[in-house]
Each structure stands twice: as C-alpha cells, then as structure tokens.
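Pasting protein-v8.json here (JSON, C-alpha atoms):
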[["chain", "number", "residue", "atom", "x", "y", "z"],
["D", 7, "MET", "CA", 145.25, -105.49, 232.57],
["D", 8, "LEU", "CA", 146.35, -104.78, 236.13],
["D", 9, "VAL", "CA", 145.90, -108.40, 237.10],
["D", 10, "MET", "CA", 149.58, -108.62, 236.18],
["D", 11, "THR", "CA", 150.44, -105.37, 237.91],
["D", 12, "GLY", "CA", 148.52, -105.83, 241.15],
["D", 13, "CYS", "CA", 147.01, -102.83, 242.89],
["D", 14, "TYR", "CA", 149.44, -100.12, 241.80],
["D", 15, "SER", "CA", 148.07, -96.77, 243.06],
["D", 16, "PHE", "CA", 147.76, -94.19, 240.31],
["D", 17, "THR", "CA", 145.94, -91.34, 242.01],
["D", 18, "THR", "CA", 147.71, -88.15, 243.11],
["D", 19, "LEU", "CA", 146.17, -87.75, 246.58],
["D", 20, "GLY", "CA", 147.09, -84.09, 246.83],
["D", 21, "ARG", "CA", 147.37, -80.59, 245.47],
["D", 22, "ALA", "CA", 149.64, -79.39, 242.68],
["D", 23, "ARG", "CA", 151.56, -77.52, 245.38],
["D", 24, "THR", "CA", 154.53, -78.75, 247.39],
["D", 25, "VAL", "CA", 154.37, -78.74, 251.16],
["D", 26, "ASP", "CA", 156.14, -75.70, 252.63],
["D", 27, "ASP", "CA", 159.68, -76.12, 253.96],
["D", 28, "GLY", "CA", 159.61, -77.75, 257.42],
["D", 29, "LYS", "CA", 155.86, -78.51, 257.28],
["D", 30, "LEU", "CA", 154.13, -81.90, 257.37],
["D", 31, "GLU", "CA", 151.00, -83.00, 255.50],
["D", 32, "LEU", "CA", 149.15, -86.18, 256.51],
["D", 33, "ILE", "CA", 147.11, -88.21, 254.01],
["D", 34, "ALA", "CA", 144.36, -90.83, 254.37],
["D", 35, "ALA", "CA", 142.55, -92.09, 251.26],
["D", 36, "PRO", "CA", 139.87, -94.76, 251.23],
["D", 37, "GLY", "CA", 138.87, -95.79, 247.73],
["D", 38, "VAL", "CA", 138.17, -98.50, 245.21],
["D", 39, "THR", "CA", 140.08, -99.96, 242.25],
["D", 40, "ALA", "CA", 138.40, -101.62, 239.28],
["D", 41, "THR", "CA", 140.27, -103.50, 236.58],
["D", 42, "LEU", "CA", 139.27, -105.51, 233.57],
["D", 43, "GLY", "CA", 141.37, -108.66, 233.25],
["D", 44, "ALA", "CA", 142.67, -110.04, 229.98],
["D", 45, "ALA", "CA", 139.70, -112.44, 229.89],
["D", 46, "GLY", "CA", 137.27, -109.53, 230.27],
["D", 47, "ASP", "CA", 136.41, -110.41, 233.87],
["D", 48, "PRO", "CA", 135.95, -107.30, 236.05],
["D", 49, "ASN", "CA", 137.80, -107.12, 239.36],
["D", 50, "VAL", "CA", 136.61, -104.53, 241.88],
["D", 51, "ARG", "CA", 138.30, -104.22, 245.25],
["D", 52, "PRO", "CA", 138.51, -101.72, 248.10],
["D", 53, "ALA", "CA", 141.71, -99.78, 248.64],
["D", 54, "ILE", "CA", 143.09, -97.69, 251.49],
["D", 55, "GLU", "CA", 146.23, -95.55, 251.61],
["D", 56, "VAL", "CA", 147.84, -93.55, 254.38],
["D", 57, "GLY", "CA", 150.92, -91.41, 254.14],
["D", 58, "ALA", "CA", 152.71, -88.14, 254.70],
["D", 59, "ARG", "CA", 154.60, -85.46, 252.82],
["D", 60, "TYR", "CA", 157.31, -83.27, 254.31],
["D", 61, "GLY", "CA", 158.72, -80.01, 252.90],
["D", 62, "VAL", "CA", 162.51, -80.37, 252.70],
["D", 63, "ALA", "CA", 163.24, -77.10, 250.88],
["D", 64, "SER", "CA", 161.47, -74.26, 249.18],
["D", 65, "ASN", "CA", 159.46, -75.90, 246.37],
["D", 66, "VAL", "CA", 160.57, -79.50, 247.18],
["D", 67, "ASP", "CA", 158.88, -82.12, 249.34],
["D", 68, "VAL", "CA", 159.25, -85.86, 249.89],
["D", 69, "GLY", "CA", 156.47, -88.29, 250.60],
["D", 70, "ALA", "CA", 155.67, -91.87, 251.45],
["D", 71, "ARG", "CA", 152.39, -93.77, 251.21],
["D", 72, "VAL", "CA", 151.48, -97.25, 252.39],
["D", 73, "SER", "CA", 148.47, -99.06, 250.97],
["D", 74, "SER", "CA", 146.80, -102.39, 251.46],
["D", 75, "SER", "CA", 148.90, -103.69, 248.56],
["D", 76, "GLY", "CA", 152.27, -101.95, 248.79],
["D", 77, "ALA", "CA", 154.15, -98.69, 249.28],
["D", 78, "THR", "CA", 155.13, -95.61, 247.27],
["D", 79, "ALA", "CA", 157.87, -92.99, 247.78],
["D", 80, "THR", "CA", 157.95, -89.70, 245.87],
["D", 81, "THR", "CA", 159.82, -86.45, 245.53],
["D", 82, "ARG", "CA", 157.77, -83.50, 244.31],
["D", 83, "VAL", "CA", 159.39, -80.45, 242.69],
["D", 84, "GLN", "CA", 157.37, -77.27, 242.10],
["D", 85, "LEU", "CA", 157.70, -75.89, 238.56],
["D", 86, "VAL", "CA", 155.05, -73.13, 238.61],
["D", 87, "ARG", "CA", 153.40, -71.42, 241.59],
["D", 88, "ARG", "CA", 151.14, -68.58, 240.58],
["D", 89, "ALA", "CA", 147.86, -67.24, 241.93],
["D", 90, "ARG", "CA", 145.70, -69.17, 239.43],
["D", 91, "LEU", "CA", 148.00, -71.95, 238.19],
["D", 92, "GLU", "CA", 150.39, -74.36, 239.88],
["D", 93, "ALA", "CA", 152.39, -77.27, 238.46],
["D", 94, "LEU", "CA", 154.90, -79.81, 239.73],
["D", 95, "VAL", "CA", 156.56, -83.07, 238.76],
["D", 96, "ALA", "CA", 156.42, -85.99, 241.18],
["D", 97, "PRO", "CA", 158.79, -88.81, 240.22],
["D", 98, "GLY", "CA", 158.26, -91.85, 242.39],
["D", 99, "ILE", "CA", 158.91, -95.50, 242.97],
["D", 100, "ALA", "CA", 156.25, -97.99, 244.04],
["D", 101, "TYR", "CA", 156.46, -101.54, 245.30],
["D", 102, "THR", "CA", 153.34, -103.68, 244.93],
["D", 103, "LEU", "CA", 153.09, -106.92, 246.87],
["D", 104, "THR", "CA", 154.56, -109.38, 246.15],
["D", 105, "ASP", "CA", 156.78, -108.86, 243.13],
["D", 106, "LYS", "CA", 156.19, -105.60, 241.24],
["D", 107, "LEU", "CA", 158.35, -102.48, 241.12],
["D", 108, "ALA", "CA", 157.13, -99.34, 239.31],
["D", 109, "PHE", "CA", 158.79, -96.06, 238.37],
["D", 110, "GLU", "CA", 156.31, -93.27, 237.68],
["D", 111, "LEU", "CA", 156.46, -89.71, 236.40],
["D", 112, "PRO", "CA", 153.28, -87.70, 236.92],
["D", 113, "VAL", "CA", 153.02, -84.03, 235.97],
["D", 114, "VAL", "CA", 150.53, -82.45, 238.37],
["D", 115, "VAL", "CA", 148.73, -79.26, 237.29],
["D", 116, "GLY", "CA", 146.38, -77.33, 239.55],
["D", 117, "ILE", "CA", 143.92, -74.57, 238.73],
["D", 118, "ASN", "CA", 143.16, -72.52, 241.83],
["D", 119, "VAL", "CA", 139.53, -71.60, 242.44],
["D", 120, "GLY", "CA", 139.61, -69.45, 245.57],
["D", 121, "ASP", "CA", 141.01, -71.69, 248.33],
["D", 122, "ASP", "CA", 140.11, -74.84, 246.35],
["D", 123, "GLN", "CA", 142.01, -76.47, 243.48],
["D", 124, "ILE", "CA", 141.14, -78.55, 240.40],
["D", 125, "VAL", "CA", 143.98, -81.05, 239.87],
["D", 126, "PHE", "CA", 144.97, -82.81, 236.63],
["D", 127, "ALA", "CA", 147.80, -85.35, 236.66],
["D", 128, "PRO", "CA", 148.84, -87.16, 233.46],
["D", 129, "ARG", "CA", 151.44, -89.87, 234.10],
["D", 130, "VAL", "CA", 153.65, -92.51, 232.54],
["D", 131, "VAL", "CA", 154.65, -95.65, 234.45],
["D", 132, "TYR", "CA", 157.35, -98.24, 233.82],
["D", 133, "GLN", "CA", 156.83, -101.44, 235.78],
["D", 134, "LEU", "CA", 158.85, -104.61, 236.35],
["D", 135, "ARG", "CA", 157.36, -107.87, 237.55],
["D", 136, "THR", "CA", 160.23, -109.68, 239.24],
["D", 137, "GLY", "CA", 158.72, -112.88, 240.67],
["D", 138, "LEU", "CA", 159.17, -114.96, 237.52],
["D", 139, "PRO", "CA", 162.19, -116.70, 235.94],
["D", 140, "HIS", "CA", 163.02, -113.38, 234.24],
["D", 141, "PRO", "CA", 161.67, -109.86, 234.95],
["D", 142, "LEU", "CA", 158.70, -108.77, 232.82],
["D", 143, "GLN", "CA", 158.41, -105.16, 231.62],
["D", 144, "PHE", "CA", 155.25, -103.08, 231.22],
["D", 145, "VAL", "CA", 154.58, -99.43, 230.31],
["D", 146, "PHE", "CA", 151.36, -97.66, 231.30],
["D", 147, "VAL", "CA", 149.92, -94.22, 230.58],
["D", 148, "GLY", "CA", 147.00, -92.51, 232.22],
["D", 149, "GLY", "CA", 146.09, -89.77, 234.57],
["D", 150, "SER", "CA", 143.76, -88.52, 237.22],
["D", 151, "VAL", "CA", 141.50, -85.58, 237.93],
["D", 152, "GLY", "CA", 140.47, -84.37, 241.36],
["D", 153, "TYR", "CA", 139.05, -81.45, 243.28],
["D", 154, "VAL", "CA", 140.66, -80.23, 246.53],
["D", 155, "TRP", "CA", 137.89, -78.78, 248.65],
["D", 156, "GLN", "CA", 139.50, -76.72, 251.44],
["D", 157, "LEU", "CA", 137.06, -77.09, 254.37],
["D", 158, "THR", "CA", 139.17, -75.34, 257.04],
["D", 159, "ALA", "CA", 142.60, -73.71, 257.11],
["D", 160, "ARG", "CA", 144.20, -77.11, 257.91],
["D", 161, "PHE", "CA", 141.81, -79.73, 256.49],
["D", 162, "ALA", "CA", 140.72, -80.54, 252.92],
["D", 163, "LEU", "CA", 138.82, -83.30, 251.10],
["D", 164, "MET", "CA", 139.82, -84.42, 247.62],
["D", 165, "PRO", "CA", 137.63, -86.71, 245.53],
["D", 166, "GLU", "CA", 139.73, -88.07, 242.66],
["D", 167, "LEU", "CA", 139.28, -90.43, 239.72],
["D", 168, "GLY", "CA", 142.21, -92.02, 237.88],
["D", 169, "VAL", "CA", 142.57, -94.16, 234.77],
["D", 170, "LEU", "CA", 145.57, -96.21, 233.64],
["D", 171, "THR", "CA", 146.09, -98.39, 230.59],
["D", 172, "ALA", "CA", 148.94, -100.55, 229.35],
["D", 173, "VAL", "CA", 150.68, -99.45, 226.14],
["D", 174, "PHE", "CA", 153.49, -102.00, 226.21],
["D", 175, "ALA", "CA", 153.77, -105.53, 227.60],
["D", 176, "GLU", "CA", 156.63, -107.97, 227.48],
["D", 177, "PRO", "CA", 156.43, -110.12, 224.31],
["D", 178, "GLY", "CA", 154.11, -113.02, 224.98],
["D", 179, "TYR", "CA", 152.05, -110.99, 227.47],
["D", 180, "GLY", "CA", 150.30, -108.75, 224.91],
["D", 181, "THR", "CA", 146.83, -109.61, 226.20],
["D", 182, "PHE", "CA", 147.50, -107.15, 229.02],
["D", 183, "THR", "CA", 147.87, -104.27, 226.56],
["D", 184, "GLU", "CA", 144.55, -105.28, 224.98],
["D", 185, "ALA", "CA", 142.53, -105.36, 228.23],
["D", 186, "GLY", "CA", 140.43, -102.37, 229.20],
["D", 187, "PRO", "CA", 141.78, -99.56, 231.37],
["D", 188, "ALA", "CA", 141.97, -99.72, 235.16],
["D", 189, "LEU", "CA", 139.98, -97.19, 237.17],
["D", 190, "GLN", "CA", 140.73, -95.95, 240.65],
["D", 191, "ALA", "CA", 138.60, -93.65, 242.82],
["D", 192, "ALA", "CA", 139.69, -92.16, 246.14],
["D", 193, "LEU", "CA", 138.40, -89.69, 248.70],
["D", 194, "THR", "CA", 141.56, -88.18, 250.15],
["D", 195, "LEU", "CA", 141.64, -86.46, 253.53],
["D", 196, "LEU", "CA", 144.49, -83.92, 253.76],
["D", 197, "TRP", "CA", 145.72, -82.45, 257.06],
["D", 198, "ASP", "CA", 148.30, -79.65, 256.93]]

Before anything else, please render the file you have as structure tokens.
Amino acid sequence: MLVMTGCYSFTTLGRARTVDDGKLELIAAPGVTATLGAAGDPNVRPAIEVGARYGVASNVDVGARVSSSGATATTRVQLVRRARLEALVAPGIAYTLTDKLAFELPVVVGINVGDDQIVFAPRVVYQLRTGLPHPLQFVFVGGSVGYVWQLTARFALMPELGVLTAVFAEPGYGTFTEAGPALQAALTLLWD
C-alpha cells in the first residue's frame, strides 16, 4: 500500500496538549515502518524523525519534523484541557521524497494518568503523488496509540504504534487500496 506513498509518518510523537506560549519542545523518534505492498511483499525499514514544537499563543503551537524520507509541518489547536482529559486537532502538511504531498487531519485525545498520558489519535490523510504525467490521489485513514511516560519534569518517553490503510486510490491504482495496512512504531523522546 505505502509503496506508492513512500514513508509518510503517521505517528503523533507527542501529548494531546499544546506547548505553552513561548515554550519550545524538542522531539527525537527512532522507529520502524512496515508495509505490505500490492503484491503481498512485506517491506520493513528503519525510520528516524527529529523536530520541534513552539507555543505561539495560549492553546496553539506550531511544529516541524524532518525524517529520513521527508518533512512535516503542523499547527496544533487545543480543544479541551481538563485534569483527566485533553484533546486537540493537528492539521498538517507532509512532503515525502521525492514526489508526494500529504494533507492530514489527526484528532489527538489524551487521558491523563498522574503525570503520564495515554494518547489516541485517529486521522484522515489526503495524498497527491506528483511525479507522474498527472497527479495521483489517495485517501488514507488510521490512527495511533501511545503512552507518554513522564520521567522527569522536562523529559518524557513515548512508545507509540500507528496503523494506516488506503480507502481510496486513483482509478487504475486500486491494488493499493487492497493491500494490507501499514504499521509504524516509534519511541519518542520529548524534551520540554
């Protein structure tokens, strides 16, 4: 499936809480991506992402991530911030080398457990492959689940597992909607 879409990153790599106004959060996330091609051949490859988020206003932050296969920019807007429950939307745009552009809309929900947080992030993705005679369109749905383990006041670890599957492919490329889902695992290091 993602043979056509490259190594698009579909993990959240963070809490369901925006970075406070004027504060910076640094991100490093080694991981692995596994996809099942249209022919049923598995493709497993390492992945690494680094990035940052910056609080630009109360309940709004912006972020950028660079990976071994591209880059992603997001804006996150806090919808709910309560003692036990937090939620935000994180629209973003991703460029995957060498010819793929994706627009994503994850909804990130966090359940606070003391200083830690369980994070759920369903998402929808619209992607264009531009390196052909005409752009190809794809739509994906999926999500991720992770656990933010707050080790110190400024450092946390977040293991996360994501899944993404195609629900629409350009006519003539339907085999990519029939392939199995893509899986992505990451161990995110968060510094506030």

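Nearest residue to D:Asp198, choosing from D:Arg71, D:Arg160, D:Arg90, D:Arg82 and counting all atoms listed in the file: D:Arg160.
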
To one decimal in Å, tell me the separation between atom CA of D:Ala96 and atom CA of D:Val50.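 One can read the atom CA of D:Ala96 to atom CA of D:Val50 distance as 27.1 Å.
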
From atom CA of D:Pro97 to atom CA of D:Val83 the spacing works out at 8.7 Å

Residue among D:Thr39, D:Ser74, D:Thr80, D:Thr18 lying closest to D:Arg59, counting only C-alpha atoms: D:Thr80

To one decimal place in Å, what is the distance between atom CA of D:Glu92 and atom CA of D:Thr158? 20.5 Å

Of the candidates D:Thr81, D:Gly20, D:Glu166, D:Pro139, which one gets nearest to D:Ala63 if we count all atoms listed in the file?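 Of all the options, D:Thr81 lies closest to D:Ala63.
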
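Checking D:Ser64, D:Gln156, D:Thr41, D:Gln84 one by one against D:Leu189, counting all atoms listed in the file, you find the shortest gap at D:Thr41.
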
Find the residues of stretch 15-76 of chain D that sit at most 6 Å from stretch 103-123 of chain D; for each, write down the nearest two atoms and how far apart they are in Å, to one decimal. Count only C-alpha atoms. Sort by chain, then by number going up, and give it as CSV.
residue,atom,partner,partner_atom,distance
D:Ala22,CA,D:Gly116,CA,5.0
D:Ser75,CA,D:Leu103,CA,5.6
D:Gly76,CA,D:Leu103,CA,5.4

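Candidate residues D:Thr24, D:Asn49, D:Thr136, D:Thr194 were compared for distance to D:Phe161, and the nearest is D:Thr194, using all atoms listed in the file.
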
Best match for closeness to D:Arg87 among D:Pro36, D:Asn65, D:Tyr153, D:Ala70, counting all atoms listed in the file: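 Nearest candidate to D:Arg87 out of D:Pro36, D:Asn65, D:Tyr153, D:Ala70: D:Asn65.
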
Name the residues in contact with D:Val131 at a cut-off of 12 Å, using only C-alpha atoms, excluding same-chain residues fewer than 3 positions from it; report them as an MDAnalysis selection string. chainID D and resid 11 14:16 96:100 107:113 128 134 143:149 170:174
